[in-house]
file query-v3.txt (compact mmCIF, C-alpha atoms)
# COMPACT_ATOMS: atom_id res chain seq x y z
CA ALA A 120 56.79 -22.25 -6.00
CA SER A 121 54.54 -24.55 -3.97
CA LYS A 122 53.30 -27.87 -5.36
CA SER A 123 49.74 -26.60 -5.62
CA ARG A 124 50.87 -23.48 -7.50
CA LEU A 125 53.07 -25.54 -9.84
CA ALA A 126 50.15 -27.87 -10.53
CA TRP A 127 48.00 -24.84 -11.39
CA LEU A 128 50.61 -23.26 -13.69
CA ARG A 129 51.25 -26.56 -15.49
CA GLY A 130 47.56 -27.10 -16.16
CA GLU A 131 47.21 -30.14 -13.93
CA LEU A 132 44.07 -28.89 -12.17
CA ALA A 133 40.48 -28.75 -13.40
CA ASP A 134 40.83 -24.99 -14.04
CA LYS A 135 43.82 -23.97 -16.13
CA PRO A 136 45.67 -20.78 -17.10
CA ASP A 137 46.31 -19.85 -20.74
CA ARG A 138 48.28 -22.22 -22.99
CA LYS A 139 51.39 -20.07 -23.06
CA THR A 140 51.63 -20.10 -19.27
CA ILE A 141 51.22 -23.87 -19.27
CA ALA A 142 53.95 -24.24 -21.91
CA PHE A 143 56.20 -21.87 -19.94
CA ALA A 144 55.73 -23.87 -16.72
CA GLU A 145 56.13 -27.28 -18.38
CA ALA A 146 59.41 -26.23 -20.04
CA ALA A 147 60.92 -25.12 -16.73
CA ASP A 148 62.54 -27.59 -14.35
CA ASP A 149 61.49 -25.41 -11.47
CA ILE A 150 59.74 -22.07 -11.04
CA GLU A 151 60.79 -19.41 -8.56
CA GLU A 152 58.32 -16.76 -7.45
CA VAL A 153 59.83 -13.28 -7.51
CA VAL A 154 58.50 -11.27 -4.56
CA ASP A 155 60.75 -8.21 -4.70
CA GLY A 156 62.96 -6.31 -7.11
CA PRO A 157 62.57 -3.61 -9.79
CA VAL A 158 59.77 -5.33 -11.69
CA VAL A 159 57.71 -5.88 -8.54
CA GLU A 160 58.20 -2.26 -7.49
CA PHE A 161 57.20 -1.13 -10.97
CA MET A 162 53.94 -3.10 -10.76
CA ARG A 163 53.21 -1.52 -7.38
CA GLN A 164 53.85 2.01 -8.68
CA PRO A 165 54.06 2.26 -12.50
CA ASN A 166 54.47 6.05 -12.35
CA PRO A 167 54.58 8.76 -9.67
CA TRP A 168 50.87 9.61 -10.09
CA MET A 169 49.29 6.16 -10.19
CA THR A 170 49.39 3.01 -8.07
CA GLY A 171 49.51 -0.50 -9.46
CA ASP A 172 45.97 -1.18 -8.22
CA GLU A 173 44.67 1.87 -10.09
CA TRP A 174 46.44 0.80 -13.27
CA ALA A 175 45.02 -2.72 -13.00
CA HIS A 176 41.53 -1.32 -12.44
CA LEU A 177 41.81 0.89 -15.53
CA ARG A 178 43.20 -1.94 -17.68
CA PHE A 179 40.32 -4.27 -16.93
CA LYS A 180 37.68 -1.53 -17.07
CA ALA A 181 38.90 -0.17 -20.41
CA ARG A 182 38.96 -3.64 -21.99
CA GLU A 183 35.39 -4.31 -20.91
CA ALA A 184 34.08 -0.90 -22.00
CA THR A 185 35.98 -0.39 -25.27
CA GLY A 186 37.82 -3.64 -26.00
CA ASN A 187 41.22 -1.89 -25.71
CA ALA A 188 43.63 -0.91 -22.94
CA TYR A 189 46.68 1.27 -23.64
CA ALA A 190 49.76 2.45 -21.77
CA TRP A 191 52.96 4.21 -22.76
CA GLY A 192 56.19 2.73 -21.46
CA VAL A 193 59.26 4.88 -20.79
CA ALA A 194 62.66 3.32 -20.00
CA GLU A 195 65.54 5.75 -19.48
CA GLY A 196 68.44 4.21 -17.62
CA SER A 197 67.24 2.96 -14.24
CA VAL A 198 63.93 4.84 -14.54
CA VAL A 199 61.11 2.67 -15.92
CA GLU A 200 57.57 4.05 -15.92
CA ALA A 201 54.25 3.37 -17.64
CA TYR A 202 51.53 5.96 -18.23
CA TRP A 203 47.88 5.16 -18.74
CA LEU A 204 46.35 6.21 -22.08
CA ALA A 205 42.59 6.63 -22.31
CA PRO A 206 41.34 4.46 -25.22
CA GLN A 207 39.13 7.21 -26.66
CA CYS A 208 42.23 9.41 -27.04
CA VAL A 209 44.37 6.90 -28.94
CA ARG A 210 44.61 6.47 -32.71
CA ILE A 211 46.60 3.87 -34.66
CA VAL A 212 48.38 5.24 -37.74
CA ALA A 213 48.99 2.95 -40.72
CA THR A 214 51.25 3.28 -43.75
CA HIS A 215 51.41 1.29 -46.96
CA GLU A 216 54.23 -0.79 -45.53
CA ASN A 217 53.08 -1.11 -41.91
CA PRO A 218 49.47 -1.32 -40.62
CA VAL A 219 50.68 -0.25 -37.16
CA ALA A 220 53.32 2.37 -37.94
CA MET A 221 52.72 4.52 -34.85
CA TYR A 222 50.29 5.40 -32.09
CA ARG A 223 48.97 8.92 -31.62
CA PHE A 224 47.51 10.30 -28.40
CA SER A 225 45.63 13.53 -27.74
CA ARG A 226 43.23 14.62 -25.02
CA ASN A 227 41.73 17.46 -27.08
CA MET A 228 42.03 15.84 -30.54
CA THR A 229 44.22 18.78 -31.61
CA ASP A 230 47.70 18.42 -30.09
CA TRP A 231 48.86 14.92 -31.00
CA MET A 232 51.70 13.01 -29.38
CA GLU A 233 53.31 10.32 -31.57
CA MET A 234 54.71 7.11 -30.03
CA ASP A 235 56.47 4.06 -31.46
CA PRO A 236 54.56 0.74 -31.31
CA GLU A 237 57.43 -0.81 -29.29
CA ASP A 238 56.70 1.66 -26.47
CA ILE A 239 52.97 0.97 -26.31
CA PHE A 240 51.10 -1.54 -24.19
CA HIS A 241 48.01 -2.50 -26.18
CA SER A 242 45.80 -5.22 -24.73
CA LYS A 243 42.59 -6.33 -26.48
CA LEU A 244 39.62 -8.02 -24.88
CA ARG A 245 39.10 -9.89 -28.16
CA PRO A 246 39.98 -9.13 -31.80
CA SER A 247 37.64 -6.94 -33.82
CA LEU A 248 36.04 -8.24 -37.00
CA GLN A 249 36.15 -4.77 -38.52
CA ASP A 250 39.80 -3.91 -37.79
CA PHE A 251 42.34 -6.50 -36.64
CA ARG A 252 44.49 -3.75 -35.09
CA ILE A 253 41.97 -2.94 -32.36
CA GLY A 254 39.88 -4.89 -29.89
CA ASP A 255 36.18 -5.54 -29.60
CA THR A 256 33.88 -5.81 -26.60
CA TRP A 257 30.54 -7.34 -25.71
CA THR A 258 29.09 -3.92 -24.81
CA LEU A 259 28.95 -2.89 -28.48
CA GLY A 260 26.24 -5.48 -29.12
CA LEU A 261 24.01 -3.93 -26.47
CA LEU A 262 24.01 -0.28 -27.55
CA LYS A 263 20.42 -0.36 -28.84
CA GLN A 264 19.20 -2.17 -25.73
CA LEU A 265 20.99 0.37 -23.54
CA ASP A 266 19.32 3.21 -25.48
CA ILE A 267 15.93 1.56 -24.83
CA TYR A 268 16.85 1.15 -21.15
CA GLU A 269 17.75 4.83 -20.86
CA ALA A 270 14.56 5.88 -22.66
CA ALA A 271 12.45 3.75 -20.30
CA ILE A 272 14.09 5.36 -17.26
CA ASP A 273 13.54 8.86 -18.70
CA SER A 274 9.92 8.00 -19.39
CA GLU A 275 9.36 6.79 -15.84
CA LEU A 276 11.00 9.89 -14.34
CA ALA A 277 8.89 12.18 -16.56
CA ARG A 278 5.72 10.34 -15.55
CA GLN A 279 6.51 10.76 -11.87
CA ARG A 280 7.33 14.46 -12.25
CA ASN A 281 4.33 15.31 -14.43
CA MET A 282 1.73 13.07 -12.82
CA SER A 283 -1.42 14.92 -11.64
CA ARG A 284 -3.99 12.19 -11.14
CA PRO A 285 -6.41 12.55 -8.19
CA ASP A 286 -7.59 9.44 -6.34
CA TYR A 287 -11.20 10.61 -6.09
CA VAL A 288 -13.62 13.28 -7.27
CA VAL A 289 -16.15 15.20 -5.12
CA GLU A 290 -19.39 15.40 -7.08
CA SER A 291 -22.01 17.97 -6.11
CA THR A 292 -25.69 16.97 -6.11
CA GLY A 293 -26.66 20.58 -6.61
CA PRO A 294 -25.25 23.93 -7.61
CA MET A 295 -22.01 24.94 -5.86
CA THR A 296 -20.44 28.33 -5.39
CA PRO A 297 -16.66 28.88 -5.40
CA ASP A 298 -16.81 29.38 -1.63
CA SER A 299 -18.54 26.05 -1.08
CA LYS A 300 -15.96 24.28 -3.28
CA ASN A 301 -13.11 25.79 -1.28
CA GLU A 302 -14.86 24.85 1.94
CA ILE A 303 -15.06 21.17 0.93
CA ARG A 304 -11.44 21.20 -0.28
CA GLN A 305 -10.26 22.77 2.99
CA LYS A 306 -12.30 20.29 5.02
CA LEU A 307 -10.70 17.33 3.26
CA GLN A 308 -7.18 18.72 3.61
CA ASN A 309 -7.53 19.58 7.30
CA ASP A 310 -9.40 16.51 8.54
CA HIS A 311 -8.41 13.68 6.17
CA ARG A 312 -4.99 14.40 4.66
CA GLY A 313 -1.95 12.47 5.86
CA PRO A 314 -1.42 9.13 7.62
CA ALA A 315 -2.48 10.48 11.06
CA GLN A 316 -5.98 11.17 9.70
CA ALA A 317 -6.60 7.66 8.38
CA GLY A 318 -9.93 6.09 9.29
CA LYS A 319 -11.79 9.30 10.12
CA VAL A 320 -15.44 9.53 9.17
CA LEU A 321 -16.33 12.03 6.47
CA ILE A 322 -19.80 13.58 6.30
CA LEU A 323 -20.78 15.76 3.35
CA THR A 324 -24.06 17.41 2.47
CA ASN A 325 -25.15 17.98 -1.13
CA ALA A 326 -22.03 16.12 -2.37
CA LYS A 327 -20.66 12.61 -2.81
CA ILE A 328 -17.18 11.16 -3.38
CA ASN A 329 -16.47 8.98 -6.40
CA PRO A 330 -13.15 7.04 -6.53
CA VAL A 331 -11.29 7.38 -9.82
CA GLY A 332 -9.91 4.29 -11.52
CA TRP A 333 -6.80 4.81 -13.63
CA ALA A 334 -4.99 2.34 -15.81
CA PRO A 335 -1.98 1.05 -13.82
CA LYS A 336 1.26 2.52 -15.17
CA ASP A 337 3.58 2.15 -12.20
CA LEU A 338 5.06 -1.14 -13.45
CA GLU A 339 4.65 -0.79 -17.19
CA ASN A 340 8.45 -0.60 -17.76
CA GLN A 341 9.47 -3.17 -15.15
CA LYS A 342 9.36 -6.19 -17.47
CA LEU A 343 11.30 -4.31 -20.15
CA LEU A 344 14.02 -3.33 -17.67
CA GLU A 345 14.26 -6.88 -16.31
CA TYR A 346 14.58 -8.24 -19.85
CA ILE A 347 17.43 -5.85 -20.68
CA ASP A 348 19.14 -6.72 -17.38
CA ARG A 349 19.11 -10.39 -18.40
CA LEU A 350 20.56 -9.53 -21.81
CA ILE A 351 23.41 -7.65 -20.14
CA ASP A 352 24.09 -10.59 -17.81
CA ARG A 353 24.29 -13.03 -20.71
CA ALA A 354 26.51 -10.80 -22.81
CA ALA A 355 28.89 -10.25 -19.88
CA ASP A 356 29.04 -14.00 -19.02
CA ARG A 357 27.54 -13.18 -15.63
CA PRO A 358 25.28 -15.84 -14.05
CA GLU A 359 21.86 -14.61 -13.03
CA SER A 360 22.29 -16.03 -9.52
CA VAL A 361 25.20 -13.59 -8.98
CA SER A 362 23.51 -10.42 -10.24
CA ARG A 363 20.07 -11.15 -8.73
CA ASN A 364 20.34 -11.52 -4.98
CA ASN A 365 16.90 -12.89 -4.20
CA ASP A 366 15.55 -15.93 -2.40
CA ALA A 367 15.16 -17.93 -5.61
CA SER A 368 18.77 -17.44 -6.74
CA ARG A 369 20.62 -17.12 -3.41
CA ALA A 370 20.78 -20.89 -3.03
CA ASN A 371 22.69 -21.10 -6.32
CA GLY A 372 24.93 -18.14 -5.50
CA ASN A 373 28.04 -20.24 -4.79
CA THR A 374 27.62 -22.17 -8.02
CA GLY A 375 27.09 -18.93 -9.93
CA LEU A 376 30.22 -17.41 -8.39
CA ILE A 377 32.29 -20.39 -9.52
CA GLN A 378 30.90 -20.06 -13.06
CA LEU A 379 31.57 -16.30 -13.07
CA MET A 380 35.20 -16.71 -12.03
CA ARG A 381 35.80 -19.70 -14.32
CA TYR A 382 34.29 -18.41 -17.56
CA MET A 383 34.64 -14.62 -17.17
CA ALA A 384 37.40 -13.67 -14.72
CA LEU A 385 39.92 -16.45 -15.37
CA PRO A 386 40.30 -15.89 -19.16
CA ARG A 387 40.64 -12.14 -18.62
CA GLN A 388 43.31 -12.57 -15.96
CA SER A 389 45.26 -14.96 -18.19
CA LYS A 390 45.06 -12.47 -21.06
CA ASP A 391 46.24 -9.64 -18.82
CA ALA A 392 49.20 -11.65 -17.50
CA HIS A 393 50.32 -12.58 -21.02
CA ASP A 394 50.10 -9.01 -22.35
CA LEU A 395 51.91 -7.60 -19.31
CA THR A 396 54.72 -10.11 -19.79
CA GLN A 397 55.25 -9.04 -23.39
CA PHE A 398 55.24 -5.34 -22.46
CA VAL A 399 56.98 -5.07 -19.08
CA MET A 400 59.82 -7.61 -19.34
CA PRO A 401 61.56 -5.90 -22.32
CA LEU A 402 61.45 -2.60 -20.40
CA PHE A 403 63.80 -4.22 -17.86
CA ASN A 404 65.83 -6.09 -20.51
CA LEU A 405 64.38 -9.42 -19.36
CA ASP A 406 63.51 -12.29 -21.69
CA PRO A 407 59.72 -12.96 -21.69
CA ASN A 408 60.55 -16.63 -22.27
CA GLU A 409 62.37 -16.76 -18.92
CA TYR A 410 60.28 -14.34 -16.85
CA ALA A 411 56.51 -14.12 -16.89
CA PHE A 412 53.57 -12.75 -14.95
CA ALA A 413 50.91 -15.16 -13.72
CA TYR A 414 47.79 -14.90 -11.59
CA ASP A 415 46.81 -17.44 -8.97
CA ASN A 416 43.76 -19.53 -9.68
CA CYS A 417 40.81 -17.19 -9.05
CA VAL A 418 38.14 -19.93 -9.24
CA PRO A 419 36.94 -20.77 -5.71
CA GLU A 420 36.80 -24.44 -4.88
CA ASP A 421 33.43 -26.11 -4.81
CA GLU A 422 33.65 -27.31 -1.21
CA ASP A 423 30.85 -29.84 -1.59
CA ALA A 424 32.42 -31.33 -4.72
CA GLN A 425 35.88 -31.40 -3.11
CA ARG A 426 34.53 -33.13 -0.02
CA ASP A 427 32.67 -35.73 -2.06
CA MET A 428 35.80 -36.37 -4.15
CA HIS A 429 37.97 -36.89 -1.03
CA ILE A 430 35.41 -39.29 0.43
CA ALA A 431 35.12 -41.24 -2.82
CA LEU A 432 38.90 -41.59 -3.24
CA ALA A 433 39.35 -42.67 0.38
CA ASN A 434 36.46 -45.16 0.21
CA ALA A 435 37.81 -46.67 -3.01
CA GLY A 436 41.23 -47.22 -1.44
CA ILE A 437 42.92 -44.93 -3.96
CA LYS A 438 44.12 -42.63 -1.17
CA THR A 439 44.83 -43.38 2.45
CA TRP A 440 43.14 -41.51 5.22
CA ASN A 441 46.34 -39.64 6.06
CA GLU A 442 46.86 -38.58 2.43
CA THR A 443 43.35 -37.18 2.35
CA ARG A 444 43.73 -35.45 5.71
CA ALA A 445 47.00 -33.86 4.56
CA GLU A 446 45.24 -32.34 1.52
CA ILE A 447 42.53 -30.75 3.65
CA GLY A 448 45.00 -29.57 6.32
CA GLU A 449 44.04 -31.97 9.12
CA GLU A 450 46.40 -33.76 11.51
CA PRO A 451 47.26 -37.37 10.50
CA TYR A 452 46.13 -40.54 12.26
CA GLU A 453 48.60 -43.02 13.67
CA PRO A 454 50.48 -44.74 10.79
CA GLU A 455 49.01 -48.19 11.49
CA ILE A 456 45.55 -46.66 11.03
CA GLY A 457 45.95 -43.75 8.60
CA ASP A 458 48.60 -45.14 6.23
CA VAL A 459 46.66 -48.30 5.35
CA PRO A 460 44.55 -48.16 2.15
CA ARG A 461 40.94 -48.95 2.97
CA VAL A 462 37.90 -49.87 0.93
CA ASN A 463 34.75 -48.55 2.60
CA GLY A 464 36.67 -48.44 5.88
CA VAL A 465 37.98 -51.99 5.66
CA PRO A 466 41.78 -52.36 5.19
CA ALA A 467 42.54 -53.18 1.57
CA GLN A 468 44.52 -56.34 0.86
CA THR A 469 47.36 -56.76 -1.63
CA VAL A 470 47.55 -59.65 -4.10
CA ALA A 471 49.99 -61.47 -1.82
CA ASP A 472 47.69 -60.99 1.14
CA LEU A 473 44.74 -62.33 -0.85
CA GLN A 474 46.73 -65.38 -2.04
CA ALA A 475 47.91 -66.12 1.50
CA ALA A 476 44.36 -65.83 2.81
CA LYS A 477 43.06 -68.15 0.08
CA GLN A 478 45.81 -70.69 0.81
CA ALA A 479 45.05 -70.60 4.52
CA GLN A 480 41.38 -71.11 3.79
CA ALA A 481 42.14 -74.02 1.45
CA ASP A 482 44.41 -75.66 4.06
CA ALA A 483 41.70 -75.35 6.67
CA LEU A 484 39.16 -77.01 4.40
CA ALA A 485 41.62 -79.80 3.57
CA GLU A 486 42.19 -80.51 7.25
CA ARG A 487 38.48 -80.72 7.87
CA SER A 488 37.94 -83.15 4.95
CA ASP A 489 40.87 -85.50 5.91
CA PRO A 490 40.13 -87.13 9.30
CA GLN A 491 43.58 -88.74 9.52
CA LYS A 492 45.32 -85.30 9.33
CA ALA A 493 42.86 -84.00 11.84
call {"tool": "encode", "arguments": {"input": "query-v3.txt", "output": "structure tokens"}}
result
Amino acid sequence: ASKSRLAWLRGELADKPDRKTIAFAEAADDIEEVVDGPVVEFMRQPNPWMTGDEWAHLRFKAREATGNAYAWGVAEGSVVEAYWLAPQCVRIVATHENPVAMYRFSRNMTDWMEMDPEDIFHSKLRPSLQDFRIGDTWTLGLLKQLDIYEAAIDSELARQRNMSRPDYVVESTGPMTPDSKNEIRQKLQNDHRGPAQAGKVLILTNAKINPVGWAPKDLENQKLLEYIDRLIDRAADRPESVSRNNDASRANGNTGLIQLMRYMALPRQSKDAHDLTQFVMPLFNLDPNEYAFAYDNCVPEDEDAQRDMHIALANAGIKTWNETRAEIGEEPYEPEIGDVPRVNGVPAQTVADLQAAKQAQADALAERSDPQKA
């Protein structure tokens, strides 16, 4: 593994993987990245009907939606496969001696398939307070708000479909027959309806037009919907600058993306890697203490902060110019220029250099003060 990847796995960077990955990496003298073999092929195609990308998508989606992700592992000789189990179709069976005696799966809640716990991949987003055997999710705390959100949308759709409010009323100054009413209605439709008729002059006899003022209802649910959107963002650990792409938040988009990946994506990836290690490695008779899955660091670098840090370290003389240029992928300077520590651009001096300079300065002053030596 590269130095940067080893530093990430051993927790030497600002962002770190889970503690077990750090302990695994620290205990190893060296780490080799496995790029091919049966385990890698299994992760690319866990079964004949599903790709590895689809399985990963379902794992993460199920954990967010229900707090649980399940799969059934089958190992028969050289054939190793894993089959996705929908969380709503899985039940955990307990006995007096064992709280997790078996897993049961059924699509129709009638024909149940029983599976041993050793054959089941069960990954939780976070433990449930009601039942330690299953997981919990942030979406459960928003069910009432989501019901209100849905009701507001239904109300707005019904208002649009049922709305029959005219913009103005034609008021007669005298008696009107049905024919005269239809004549005025036809006149308005033919000569003043549609955008091409805008600005035309209307002349009526024995009638006048009165505009109708209605209480504004077009935006009555907007504030409610925006409030619920903010609640969802907070519950999902999603910064507002990421979910709201407007002029006010776009400037903070990069910062919001870093926060999203650091506090939401990174812990979930670490959890997924740990649970996959415990499930997949035994299927191939591999020791999870010697083989493990790990994600690369998903948190994007803050380029401004990295640049400022490089400048500060170089200006303080902690790093040479060539060391800094190597970290950012630039070509080095000549050794006599780039390999010399500098403080604010001035070559830094060692203790010996400083003592020699002080002695030379003292000798020069002594020569000036002693005319005979001069």
call {"tool": "axis_aligned_box", "arguments": {"input": "query-v3.txt", "around": "stretch 396-413 of chain A", "padding_each_side": "3 Å", "output": "lines of an AutoDock Vina configuration file"}}
result
center_x = 58.4
center_y = -9.7
center_z = -18.6
size_x = 20.9
size_y = 20.2
size_z = 15.7
call {"tool": "closest_residue", "arguments": {"input": "query-v3.txt", "among": "A:Met428, A:Leu402, A:Leu350, A:Leu307", "to": "A:Glu195", "atoms": "all atoms listed in the file"}}
result
A:Leu402
call {"tool": "atom_distance", "arguments": {"input": "query-v3.txt", "atom1": "atom CA of A:Gly196", "atom2": "atom CA of A:Asp391"}}
result
26.2 Å
call {"tool": "residues_around", "arguments": {"input": "query-v3.txt", "residues": "A:Lys180", "least_positions_apart": "6", "cutoff": "12 Å", "atoms": "only C-alpha atoms", "output": "PyMOL selection string"}}
result
chain A and resi 173-174+186-189+205-206+242-244+256+258+387+391
call {"tool": "closest_residue", "arguments": {"input": "query-v3.txt", "among": "A:Ala433, A:Ala190, A:Leu262, A:Ile272", "to": "A:Met234", "atoms": "only C-alpha atoms"}}
result
A:Ala190
call {"tool": "residues_around", "arguments": {"input": "query-v3.txt", "residues": "A:Ala144", "least_positions_apart": "6", "cutoff": "9 Å", "atoms": "all atoms listed in the file", "output": "VMD selection string"}}
result
chain A and resid 125 128 to 130 150
call {"tool": "decode", "arguments": {"input": "query-v3.txt", "residues": "stretch 200-267 of chain A", "atoms": "C-alpha atoms", "output": "PDB file, in the first residue's frame"}}
result
ATOM      1  CA  GLU A 200     -22.617 -16.385  -3.342  1.00  0.00           C
ATOM      2  CA  ALA A 201     -24.609 -13.817  -1.370  1.00  0.00           C
ATOM      3  CA  TYR A 202     -28.284 -13.022  -1.928  1.00  0.00           C
ATOM      4  CA  TRP A 203     -29.946  -9.776  -0.969  1.00  0.00           C
ATOM      5  CA  LEU A 204     -32.794 -10.003   1.569  1.00  0.00           C
ATOM      6  CA  ALA A 205     -35.320  -7.178   1.728  1.00  0.00           C
ATOM      7  CA  PRO A 206     -35.471  -5.935   5.363  1.00  0.00           C
ATOM      8  CA  GLN A 207     -39.278  -5.880   5.459  1.00  0.00           C
ATOM      9  CA  CYS A 208     -39.288  -9.616   4.662  1.00  0.00           C
ATOM     10  CA  VAL A 209     -36.891 -10.698   7.419  1.00  0.00           C
ATOM     11  CA  ARG A 210     -37.788 -11.782  10.950  1.00  0.00           C
ATOM     12  CA  ILE A 211     -35.441 -12.718  13.799  1.00  0.00           C
ATOM     13  CA  VAL A 212     -36.551 -15.740  15.827  1.00  0.00           C
ATOM     14  CA  ALA A 213     -35.577 -15.998  19.502  1.00  0.00           C
ATOM     15  CA  THR A 214     -35.630 -18.899  21.942  1.00  0.00           C
ATOM     16  CA  HIS A 215     -35.225 -18.984  25.704  1.00  0.00           C
ATOM     17  CA  GLU A 216     -31.565 -19.868  25.285  1.00  0.00           C
ATOM     18  CA  ASN A 217     -30.679 -17.725  22.262  1.00  0.00           C
ATOM     19  CA  PRO A 218     -32.108 -14.276  21.360  1.00  0.00           C
ATOM     20  CA  VAL A 219     -30.972 -14.787  17.750  1.00  0.00           C
ATOM     21  CA  ALA A 220     -31.695 -18.462  17.126  1.00  0.00           C
ATOM     22  CA  MET A 221     -32.515 -18.121  13.427  1.00  0.00           C
ATOM     23  CA  TYR A 222     -33.560 -15.750  10.671  1.00  0.00           C
ATOM     24  CA  ARG A 223     -36.738 -16.252   8.685  1.00  0.00           C
ATOM     25  CA  PHE A 224     -37.441 -14.786   5.253  1.00  0.00           C
ATOM     26  CA  SER A 225     -40.661 -14.625   3.252  1.00  0.00           C
ATOM     27  CA  ARG A 226     -41.856 -12.393   0.428  1.00  0.00           C
ATOM     28  CA  ASN A 227     -45.545 -13.151   1.011  1.00  0.00           C
ATOM     29  CA  MET A 228     -45.418 -13.606   4.817  1.00  0.00           C
ATOM     30  CA  THR A 229     -46.737 -17.160   4.327  1.00  0.00           C
ATOM     31  CA  ASP A 230     -43.959 -19.406   3.003  1.00  0.00           C
ATOM     32  CA  TRP A 231     -41.030 -18.914   5.370  1.00  0.00           C
ATOM     33  CA  MET A 232     -37.417 -19.844   4.702  1.00  0.00           C
ATOM     34  CA  GLU A 233     -35.300 -20.492   7.818  1.00  0.00           C
ATOM     35  CA  MET A 234     -31.581 -19.624   7.876  1.00  0.00           C
ATOM     36  CA  ASP A 235     -28.836 -19.995  10.480  1.00  0.00           C
ATOM     37  CA  PRO A 236     -27.399 -16.760  11.947  1.00  0.00           C
ATOM     38  CA  GLU A 237     -23.902 -17.779  10.760  1.00  0.00           C
ATOM     39  CA  ASP A 238     -25.126 -17.566   7.152  1.00  0.00           C
ATOM     40  CA  ILE A 239     -26.676 -14.112   7.474  1.00  0.00           C
ATOM     41  CA  PHE A 240     -25.116 -10.733   6.821  1.00  0.00           C
ATOM     42  CA  HIS A 241     -26.869  -8.297   9.160  1.00  0.00           C
ATOM     43  CA  SER A 242     -25.589  -4.735   9.206  1.00  0.00           C
ATOM     44  CA  LYS A 243     -27.214  -2.056  11.397  1.00  0.00           C
ATOM     45  CA  LEU A 244     -27.073   1.682  10.874  1.00  0.00           C
ATOM     46  CA  ARG A 245     -27.158   2.071  14.668  1.00  0.00           C
ATOM     47  CA  PRO A 246     -28.532  -0.083  17.511  1.00  0.00           C
ATOM     48  CA  SER A 247     -32.206   0.178  18.381  1.00  0.00           C
ATOM     49  CA  LEU A 248     -33.291   1.209  21.864  1.00  0.00           C
ATOM     50  CA  GLN A 249     -36.351  -1.025  21.614  1.00  0.00           C
ATOM     51  CA  ASP A 250     -34.653  -4.232  20.429  1.00  0.00           C
ATOM     52  CA  PHE A 251     -30.885  -4.716  20.498  1.00  0.00           C
ATOM     53  CA  ARG A 252     -31.142  -7.376  17.772  1.00  0.00           C
ATOM     54  CA  ILE A 253     -32.193  -4.910  15.075  1.00  0.00           C
ATOM     55  CA  GLY A 254     -31.045  -1.526  13.863  1.00  0.00           C
ATOM     56  CA  ASP A 255     -32.555   1.929  14.058  1.00  0.00           C
ATOM     57  CA  THR A 256     -32.583   4.826  11.611  1.00  0.00           C
ATOM     58  CA  TRP A 257     -33.025   8.579  11.657  1.00  0.00           C
ATOM     59  CA  THR A 258     -36.057   8.361   9.345  1.00  0.00           C
ATOM     60  CA  LEU A 259     -38.219   6.906  12.130  1.00  0.00           C
ATOM     61  CA  GLY A 260     -38.068  10.215  13.999  1.00  0.00           C
ATOM     62  CA  LEU A 261     -39.530  12.057  11.020  1.00  0.00           C
ATOM     63  CA  LEU A 262     -42.623   9.964  10.304  1.00  0.00           C
ATOM     64  CA  LYS A 263     -45.057  12.581  11.621  1.00  0.00           C
ATOM     65  CA  GLN A 264     -43.290  15.371   9.748  1.00  0.00           C
ATOM     66  CA  LEU A 265     -43.372  13.289   6.567  1.00  0.00           C
ATOM     67  CA  ASP A 266     -47.120  12.718   7.044  1.00  0.00           C
ATOM     68  CA  ILE A 267     -47.591  16.496   7.362  1.00  0.00           C
TER      69      ILE A 267
END
